[in-house]
Structures are given as C-alpha cells and as structure tokens.
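**Student:** Here it is: the structure, laid out below.
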Amino acid sequence: MAKKKITKISKLQFKAGQAKPGPALAAAGINMPKFCTEFNDKTKDRAGDIVPVIITAYEDKSFDFVLKTTPAAVLLLKAAGAKKGSGTPNSVKAGKVTKAQLKEIAEYKMPDLNANDVEAAMRIVAGTARNMGIEVEGEEN
C-alpha cells in the first residue's frame with residue numbers, strides 16, 4: 001500500500017469533549033464534523049481540561065491525531081488555586097504549590113516531557129511555576 005501524502009500538520013488546543021468546527025479546524029483542511037466527534041469521544045473523561053492535539057492531514061482529506069497531556073501552566077494554576085500567573089513573577093507571587101502537587105503534575109506530564117525520570121520532570125515543571133510567579137514550598141527561588 002502506498003503511503004498517504006501529508007498536506008499539513010496542525011497543533012491546536014481544545015477543551016476536552018468540546019471541540020467544534022471553526023476557523024482553526026478549517027485551516028487544517030480536514031473533515032471537521034468527523035474530527036470533532038472522534039476528539040470529543042476520546043476526551044470526554046478529561047472534562048474541563050484543555051487538551052493539546054496534533055492533527056496530521058492527508059491529501060485525501062483523511063487525518064490522524066495525537067492527544068497530548070494538559071499544559072503544565074494550566075495544571076499549576078489549578079493546583080495553586082490561582083486565576084492567572086503573575087505579570088511580574090520575581091516580585092509578585094500568584095500562588096503556592098506543595099512538592100507533592102509538583103510531583104503529581106510531573107508524573108502526569110512525563111509522556112510529553114523531555115525528562116528521563118520524575119526528578120527531572122519536577123525540575124521542568126518547577127521552572128514553569130517560577131516563570132508564572134507560583135512558589136513551590138520548600139524550594140529556594
């Protein structure tokens with residue numbers, strides 16, 4: 001069987017179970033209703049989360065997609081109970097997370113992070129927290 005020719009690769013984000021046809025999907029050049037149905041079915045158990053997706057569109061209008069884990073920034077805001085990150089993270093803090101919460105987020109994010117172990121993943125997520133003005137308990141900034 002001949003390989004399908006890829007026409008476009010799109011990286012998008014939708015709320016879990018709430019993908020709708022729109023301009024972002026139209027730009028991907030795929031069958032929007034079919035994608036929305038498949039995406040919503042696969043993500044209905046992650047209600048409320050933002051789900052990044054990589055869509056590979058082919059010449060015959062067919063597609064494949066890969067679901068990624070929720071962005072670390074979203075998970076950190078939820079864990080810290082903050083609405084948004086700090087505009088000046090060095091001086092104004094937006095919230096606080098515990099080491100246990102940081103480890104939980106790092107373990108969840110492991111498949112999408114470039115880290116060999118949970119400790120390295122925790123350092124990556126802690127860096128994201130620092131950039132957002134979220135303090136990690138027990139860590140010097």
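Residue names in the structure tokens use chain letters A, B, ... in the order shown, residue numbers from 1 in each chain, and ligand numbers from 1 in the order shown.
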Name the residues in contact with Thr69 of chain A at a cut-off of 8 Å, using only C-alpha atoms, excluding same-chain residues fewer than 6 positions from it; report them as an NGL selection string.
**Tutor:** :A and (51-52 or 108-109 or 111-112)
**Student:** Can you tell me, as a list of chain:residue names, what residues are no more than 8 Å from Ile9 of chain A when counting only C-alpha atoms, ignoring any on the same chain fewer than 5 positions away?
**Tutor:**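 In the requested format, the answer is A:Ala28, A:Ile54, A:Ile55, A:Thr56, A:Ala57.
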**Student:** Between A:Ala19, A:Ile134, A:Met110, A:Ala80, which has the minimum distance to Lys34 of chain A (counting only C-alpha atoms)?
**Tutor:** A:Ala19
**Student:** Quick check for you: according to DSSP on this backbone, which residues of chain A are classed as alpha helix (DSSP H)? Reply as a ChimeraX atom specification.
**Tutor:** /A:23-28,32-43,72-80,99-109,118-132
**Student:** Ranking A:Ile50, A:Gly133, A:Lys68, A:Lys42 by minimum distance to Lys84 of chain A and counting only C-alpha atoms, which one comes first?
**Tutor:**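 With only C-alpha atoms as the atom set, the closest residue is A:Gly133.
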**Student:** What lies within 12 Å of Ala24 of chain A using only C-alpha atoms, ignoring chain neighbours under 6 positions off, as JSON, numbers by chain?
**Tutor:** {"A": [10, 11, 12, 13, 14, 30, 32, 55]}
**Student:** Suppose we keep C-alpha atoms; can you now write the selection as an mmCIF file, in the first residue's frame?
**Tutor:**
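Result went into selection11.cif, see below:
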data_model
loop_
_atom_site.group_PDB
_atom_site.id
_atom_site.type_symbol
_atom_site.label_atom_id
_atom_site.label_comp_id
_atom_site.auth_asym_id
_atom_site.auth_seq_id
_atom_site.Cartn_x
_atom_site.Cartn_y
_atom_site.Cartn_z
ATOM 1 C CA SER A 10 -1.563 21.412 12.894
ATOM 2 C CA LYS A 11 -1.082 21.857 16.642
ATOM 3 C CA LEU A 12 -4.284 23.008 18.328
ATOM 4 C CA GLN A 13 -5.863 23.071 21.798
ATOM 5 C CA PHE A 14 -9.481 22.386 22.701
ATOM 6 C CA ILE A 30 -9.871 18.025 7.392
ATOM 7 C CA MET A 32 -14.362 18.877 10.733
ATOM 8 C CA ILE A 55 -3.524 16.736 13.675
#
